[in-house]
Amino acid sequence: MSPVSARLSDLGYAAGWSAVRHAPESLARGLFDRAGDVAGRRNGGPEQLRRNLSRVIGTTPDQVPDDLVADAVRSYARYWCEAFRLPAQDLATTAATMTLPDKDHGILDDAKNRGKGVILALPHSGNWDMAGVWLVQHYGQFATVAERLRPESLFNRFVAYRESLGFEIFPLSGGEQPPFGLLAERLRAGGIICLLGERDLARHGVPVTFFGERTRMPAGPARLAIETGAALIPVHHWFTETPTSIASCGQPIDVSGGVGLATQALADVFATNIAAHPQDWHMLQPLWEADWSDERRARLTAREATPEETAPGEAER
């Protein structure tokens, strides 16, 4: 991204946070819903989103229903509308719009009461920030990581936004300390961390099969669980009628077989949950190996020749 483009991007997000948070809710939601519908139907919607959804529902991209693509873009637009409005809302009231079934609440309580820490791993579904707000209101502050964005002012804006919601943020790269050790410290103290776990931003993740095709997912969640003894719990969030939503907690992942098997088990749970709510999976980037660019393949080859610390996961815009 050029410096000019980066600056314009920062100004665009700043304008969004300033204008949307103060607009009447019905107006803001209506505008984002209409914009999402237009973007989701123009020329068949985002091409990569259509390709990704074709894997989820087991068909070819041209056979993905147009309504599903439009619903997915509207869902993504809803995420951004809520993100822009969250800092100006009463967070306790906002958290009450999300439901976690009693049995899932029990899974989380049991894991927390073990005293060895809890790792919540989730895909880019629904509104992960909303799920985080609920978590803060019920369990207190948790830690996560943030992708280093450009320009630095945009990165700082996203960090300040999530800190205002009660999250503790560690930079994925460029911080005073690598995030893995800091996250491990929080877990050993009995804390909770949250990691988005199906997209390998650092480009040196674990090979997995996901919806029948090869990709890579971050090794950090499984590795942290193995090294600290923390429970690794898959989480999913999806939208219901505005403004409500639902989250679920799966049973803790068995990490006794090592990082590879644990990450594959996590991928399998993600796949089950995404297939149940495909319209709320916000994956507009290339994810599977078949869609990778030559540049990404070259970067991955270079990284494999020079091993690096395993990245824990991500929390991104």
# chains A, B, ... in the order shown; residues from 1 in each chain; ligands from 1
$ residues_around --residues "range 261-264 of chain A" --least-positions-apart "3" --cutoff "10 Å" --atoms "only C-alpha atoms" --output "list in words"
Gly197, Glu198, Gly205, Val206, Pro207, Val208, Thr209, Phe210, Arg216, Met217, Pro218, Ala219, Gly220, Pro221, Ala222, Arg223, Ala225, Ile226, Leu232, Ile253, Asp254, Val255, Ser256, Gly257, Gly258, Ala267, Asp268, Val269 and Phe270 of chain A
$ write_last_selection --atoms "N, CA and C atoms" --output "PDB file, in the first residue's frame"
ATOM      1  N   GLY A 197      -8.304 -17.849  14.534  1.00  0.00           N
ATOM      2  CA  GLY A 197      -7.453 -18.993  14.306  1.00  0.00           C
ATOM      3  C   GLY A 197      -7.494 -19.687  12.969  1.00  0.00           C
ATOM      4  N   GLU A 198      -8.234 -19.159  11.940  1.00  0.00           N
ATOM      5  CA  GLU A 198      -8.275 -19.918  10.694  1.00  0.00           C
ATOM      6  C   GLU A 198      -7.468 -19.280   9.576  1.00  0.00           C
ATOM      7  N   GLY A 205       2.274 -21.285   9.301  1.00  0.00           N
ATOM      8  CA  GLY A 205       1.369 -22.056  10.129  1.00  0.00           C
ATOM      9  C   GLY A 205       1.461 -23.544   9.863  1.00  0.00           C
ATOM     10  N   VAL A 206       0.449 -24.262  10.364  1.00  0.00           N
ATOM     11  CA  VAL A 206       0.417 -25.716  10.298  1.00  0.00           C
ATOM     12  C   VAL A 206      -0.443 -26.147   9.109  1.00  0.00           C
ATOM     13  N   PRO A 207       0.040 -27.076   8.265  1.00  0.00           N
ATOM     14  CA  PRO A 207      -0.800 -27.585   7.171  1.00  0.00           C
ATOM     15  C   PRO A 207      -2.014 -28.332   7.731  1.00  0.00           C
ATOM     16  N   VAL A 208      -3.186 -28.013   7.213  1.00  0.00           N
ATOM     17  CA  VAL A 208      -4.425 -28.696   7.600  1.00  0.00           C
ATOM     18  C   VAL A 208      -5.281 -28.918   6.359  1.00  0.00           C
ATOM     19  N   THR A 209      -6.235 -29.813   6.487  1.00  0.00           N
ATOM     20  CA  THR A 209      -7.268 -29.976   5.473  1.00  0.00           C
ATOM     21  C   THR A 209      -8.520 -29.295   5.981  1.00  0.00           C
ATOM     22  N   PHE A 210      -9.061 -28.392   5.160  1.00  0.00           N
ATOM     23  CA  PHE A 210     -10.187 -27.556   5.577  1.00  0.00           C
ATOM     24  C   PHE A 210     -11.220 -27.591   4.454  1.00  0.00           C
ATOM     25  N   ARG A 216      -3.222 -23.621   5.506  1.00  0.00           N
ATOM     26  CA  ARG A 216      -2.447 -23.564   6.746  1.00  0.00           C
ATOM     27  C   ARG A 216      -3.171 -22.694   7.748  1.00  0.00           C
ATOM     28  N   MET A 217      -3.075 -23.092   9.003  1.00  0.00           N
ATOM     29  CA  MET A 217      -3.673 -22.323  10.086  1.00  0.00           C
ATOM     30  C   MET A 217      -2.623 -22.064  11.157  1.00  0.00           C
ATOM     31  N   PRO A 218      -2.791 -20.986  11.933  1.00  0.00           N
ATOM     32  CA  PRO A 218      -1.794 -20.645  12.947  1.00  0.00           C
ATOM     33  C   PRO A 218      -1.553 -21.781  13.940  1.00  0.00           C
ATOM     34  N   ALA A 219      -0.295 -22.016  14.256  1.00  0.00           N
ATOM     35  CA  ALA A 219       0.070 -23.049  15.230  1.00  0.00           C
ATOM     36  C   ALA A 219      -0.030 -22.548  16.662  1.00  0.00           C
ATOM     37  N   GLY A 220      -0.096 -21.225  16.836  1.00  0.00           N
ATOM     38  CA  GLY A 220      -0.033 -20.644  18.163  1.00  0.00           C
ATOM     39  C   GLY A 220      -1.035 -21.157  19.167  1.00  0.00           C
ATOM     40  N   PRO A 221      -2.350 -21.237  18.828  1.00  0.00           N
ATOM     41  CA  PRO A 221      -3.317 -21.721  19.831  1.00  0.00           C
ATOM     42  C   PRO A 221      -2.960 -23.082  20.399  1.00  0.00           C
ATOM     43  N   ALA A 222      -2.624 -24.034  19.525  1.00  0.00           N
ATOM     44  CA  ALA A 222      -2.284 -25.380  20.007  1.00  0.00           C
ATOM     45  C   ALA A 222      -0.969 -25.369  20.773  1.00  0.00           C
ATOM     46  N   ARG A 223       0.007 -24.649  20.269  1.00  0.00           N
ATOM     47  CA  ARG A 223       1.307 -24.627  20.938  1.00  0.00           C
ATOM     48  C   ARG A 223       1.210 -23.991  22.317  1.00  0.00           C
ATOM     49  N   ALA A 225      -1.422 -23.994  24.226  1.00  0.00           N
ATOM     50  CA  ALA A 225      -2.114 -24.956  25.095  1.00  0.00           C
ATOM     51  C   ALA A 225      -1.163 -26.040  25.570  1.00  0.00           C
ATOM     52  N   ILE A 226      -0.314 -26.520  24.670  1.00  0.00           N
ATOM     53  CA  ILE A 226       0.622 -27.584  25.027  1.00  0.00           C
ATOM     54  C   ILE A 226       1.657 -27.086  26.027  1.00  0.00           C
ATOM     55  N   LEU A 232      -7.850 -25.337  25.374  1.00  0.00           N
ATOM     56  CA  LEU A 232      -8.046 -24.754  24.043  1.00  0.00           C
ATOM     57  C   LEU A 232      -9.486 -25.008  23.620  1.00  0.00           C
ATOM     58  N   ILE A 253     -10.206 -28.852  22.964  1.00  0.00           N
ATOM     59  CA  ILE A 253      -9.487 -29.646  21.979  1.00  0.00           C
ATOM     60  C   ILE A 253      -8.420 -30.490  22.675  1.00  0.00           C
ATOM     61  N   ASP A 254      -8.327 -31.758  22.283  1.00  0.00           N
ATOM     62  CA  ASP A 254      -7.285 -32.646  22.806  1.00  0.00           C
ATOM     63  C   ASP A 254      -5.955 -32.273  22.147  1.00  0.00           C
ATOM     64  N   VAL A 255      -4.995 -31.836  22.942  1.00  0.00           N
ATOM     65  CA  VAL A 255      -3.697 -31.418  22.388  1.00  0.00           C
ATOM     66  C   VAL A 255      -2.607 -32.441  22.674  1.00  0.00           C
ATOM     67  N   SER A 256      -2.978 -33.625  23.174  1.00  0.00           N
ATOM     68  CA  SER A 256      -1.971 -34.609  23.562  1.00  0.00           C
ATOM     69  C   SER A 256      -1.221 -35.181  22.361  1.00  0.00           C
ATOM     70  N   GLY A 257      -1.799 -35.077  21.166  1.00  0.00           N
ATOM     71  CA  GLY A 257      -1.153 -35.619  19.984  1.00  0.00           C
ATOM     72  C   GLY A 257      -0.209 -34.663  19.291  1.00  0.00           C
ATOM     73  N   GLY A 258      -0.041 -33.457  19.849  1.00  0.00           N
ATOM     74  CA  GLY A 258       0.883 -32.502  19.264  1.00  0.00           C
ATOM     75  C   GLY A 258       0.179 -31.378  18.519  1.00  0.00           C
ATOM     76  N   ALA A 267      -9.478 -27.028  13.173  1.00  0.00           N
ATOM     77  CA  ALA A 267      -9.985 -26.736  11.827  1.00  0.00           C
ATOM     78  C   ALA A 267     -11.283 -27.488  11.556  1.00  0.00           C
ATOM     79  N   ASP A 268     -11.378 -28.719  12.039  1.00  0.00           N
ATOM     80  CA  ASP A 268     -12.590 -29.512  11.827  1.00  0.00           C
ATOM     81  C   ASP A 268     -13.793 -28.881  12.534  1.00  0.00           C
ATOM     82  N   VAL A 269     -13.578 -28.380  13.745  1.00  0.00           N
ATOM     83  CA  VAL A 269     -14.684 -27.728  14.462  1.00  0.00           C
ATOM     84  C   VAL A 269     -15.070 -26.434  13.758  1.00  0.00           C
ATOM     85  N   PHE A 270     -14.061 -25.655  13.337  1.00  0.00           N
ATOM     86  CA  PHE A 270     -14.365 -24.437  12.583  1.00  0.00           C
ATOM     87  C   PHE A 270     -15.224 -24.757  11.368  1.00  0.00           C
TER      88      PHE A 270
END
$ select_by_dssp --residues "range 123-283 of chain A" --states "alpha helix (DSSP H)" --output "VMD selection string"
chain A and resid 128 to 139 152 to 164 179 to 188 220 to 228 259 to 276
$ closest_residue --among "A:Ala275, A:Ala70, A:Ile246, A:Val159" --to "Met98 in chain A" --atoms "only C-alpha atoms"
A:Ile246
$ select_by_dssp --residues "range 122-197 of chain A" --states "strand (DSSP E or B)" --output "list in words"
Leu122, Ser125, Ala143, Thr144, Val145, Ala146, Glu168, Ile169, Phe170, Pro171, Ile192, Ile193, Cys194, Leu195 and Leu196 of chain A
$ atom_distance --atom1 "CA of Glu82 in chain A" --atom2 "CA of Ser245 in chain A"
11.8 Å
$ closest_atom_pairs --of "range 197-263 of chain A" --to "range 180-187 of chain A" --cutoff "7 Å" --atoms "only C-alpha atoms" --output "JSON lines"
{"residue": "A:Leu224", "atom": "CA", "partner": "A:Ala184", "partner_atom": "CA", "distance": 6.4}
{"residue": "A:Thr228", "atom": "CA", "partner": "A:Ala184", "partner_atom": "CA", "distance": 6.6}
{"residue": "A:Ala230", "atom": "CA", "partner": "A:Leu187", "partner_atom": "CA", "distance": 6.4}
$ decode --residues "range 224-252 of chain A" --atoms "N, CA, C and O atoms" --output "compact mmCIF listing (two decimals), in the first residue's frame"
# COMPACT_ATOMS: atom_id res chain seq x y z
N LEU A 224 0.44 -22.92 22.44
CA LEU A 224 0.26 -22.29 23.75
C LEU A 224 -0.42 -23.25 24.72
O LEU A 224 -0.05 -23.32 25.90
N ALA A 225 -1.42 -23.99 24.23
CA ALA A 225 -2.11 -24.96 25.09
C ALA A 225 -1.16 -26.04 25.57
O ALA A 225 -1.18 -26.44 26.75
N ILE A 226 -0.31 -26.52 24.67
CA ILE A 226 0.62 -27.58 25.03
C ILE A 226 1.66 -27.09 26.03
O ILE A 226 1.99 -27.76 27.00
N GLU A 227 2.17 -25.89 25.81
CA GLU A 227 3.25 -25.38 26.67
C GLU A 227 2.77 -24.89 28.03
O GLU A 227 3.54 -24.89 28.99
N THR A 228 1.52 -24.47 28.13
CA THR A 228 1.05 -23.89 29.39
C THR A 228 0.05 -24.78 30.14
O THR A 228 -0.21 -24.53 31.32
N GLY A 229 -0.54 -25.74 29.45
CA GLY A 229 -1.59 -26.55 30.08
C GLY A 229 -2.95 -25.91 30.03
O GLY A 229 -3.92 -26.43 30.61
N ALA A 230 -3.07 -24.77 29.33
CA ALA A 230 -4.36 -24.08 29.22
C ALA A 230 -5.33 -24.88 28.36
O ALA A 230 -4.93 -25.66 27.50
N ALA A 231 -6.61 -24.70 28.62
CA ALA A 231 -7.65 -25.34 27.81
C ALA A 231 -7.78 -24.60 26.49
O ALA A 231 -7.82 -23.36 26.46
N LEU A 232 -7.85 -25.34 25.37
CA LEU A 232 -8.05 -24.75 24.04
C LEU A 232 -9.49 -25.01 23.62
O LEU A 232 -9.88 -26.15 23.36
N ILE A 233 -10.28 -23.94 23.56
CA ILE A 233 -11.72 -24.06 23.31
C ILE A 233 -12.09 -23.36 22.01
O ILE A 233 -11.83 -22.16 21.85
N PRO A 234 -12.71 -24.09 21.07
CA PRO A 234 -13.19 -23.44 19.85
C PRO A 234 -14.47 -22.66 20.13
O PRO A 234 -15.37 -23.14 20.84
N VAL A 235 -14.55 -21.47 19.57
CA VAL A 235 -15.70 -20.58 19.78
C VAL A 235 -16.23 -20.15 18.43
O VAL A 235 -15.48 -20.02 17.46
N HIS A 236 -17.53 -19.96 18.35
CA HIS A 236 -18.13 -19.46 17.11
C HIS A 236 -19.15 -18.39 17.46
O HIS A 236 -19.84 -18.49 18.48
N HIS A 237 -19.23 -17.37 16.62
CA HIS A 237 -20.20 -16.29 16.82
C HIS A 237 -20.95 -16.06 15.52
O HIS A 237 -20.35 -16.07 14.45
N TRP A 238 -22.26 -15.91 15.60
CA TRP A 238 -23.04 -15.64 14.39
C TRP A 238 -24.19 -14.70 14.73
O TRP A 238 -24.58 -14.54 15.88
N PHE A 239 -24.71 -14.07 13.69
CA PHE A 239 -25.76 -13.08 13.86
C PHE A 239 -27.14 -13.73 13.83
O PHE A 239 -27.38 -14.71 13.12
N THR A 240 -28.05 -13.14 14.60
CA THR A 240 -29.47 -13.44 14.49
C THR A 240 -30.14 -12.12 14.10
O THR A 240 -29.53 -11.29 13.44
N GLU A 241 -31.38 -11.92 14.46
CA GLU A 241 -32.04 -10.67 14.10
C GLU A 241 -31.35 -9.49 14.78
O GLU A 241 -30.98 -9.56 15.96
N THR A 242 -31.18 -8.41 14.05
CA THR A 242 -30.57 -7.21 14.62
C THR A 242 -31.34 -6.77 15.85
O THR A 242 -32.58 -6.70 15.80
N PRO A 243 -30.68 -6.47 16.98
CA PRO A 243 -29.22 -6.43 17.16
C PRO A 243 -28.66 -7.66 17.87
O PRO A 243 -27.59 -7.59 18.45
N THR A 244 -29.37 -8.78 17.86
CA THR A 244 -28.96 -9.92 18.68
C THR A 244 -28.01 -10.85 17.93
O THR A 244 -27.91 -10.84 16.71
N SER A 245 -27.32 -11.67 18.71
CA SER A 245 -26.38 -12.64 18.15
C SER A 245 -26.20 -13.78 19.14
O SER A 245 -26.64 -13.70 20.29
N ILE A 246 -25.55 -14.85 18.69
CA ILE A 246 -25.33 -16.04 19.51
C ILE A 246 -23.88 -16.47 19.39
O ILE A 246 -23.27 -16.32 18.33
N ALA A 247 -23.34 -17.00 20.47
CA ALA A 247 -22.00 -17.60 20.46
C ALA A 247 -22.10 -19.01 21.00
O ALA A 247 -23.03 -19.35 21.74
N SER A 248 -21.13 -19.83 20.63
CA SER A 248 -21.08 -21.20 21.15
C SER A 248 -19.65 -21.52 21.55
O SER A 248 -18.70 -20.99 20.98
N CYS A 249 -19.50 -22.39 22.53
CA CYS A 249 -18.20 -22.91 22.96
C CYS A 249 -18.21 -24.42 22.77
O CYS A 249 -19.10 -25.11 23.28
N GLY A 250 -17.22 -24.94 22.03
CA GLY A 250 -17.10 -26.38 21.88
C GLY A 250 -16.32 -26.99 23.04
O GLY A 250 -15.77 -26.28 23.89
N GLN A 251 -16.28 -28.31 23.06
CA GLN A 251 -15.48 -29.00 24.07
C GLN A 251 -14.00 -28.70 23.85
O GLN A 251 -13.56 -28.47 22.72
N PRO A 252 -13.18 -28.67 24.92
CA PRO A 252 -11.75 -28.41 24.76
C PRO A 252 -11.11 -29.37 23.77
O PRO A 252 -11.42 -30.57 23.74
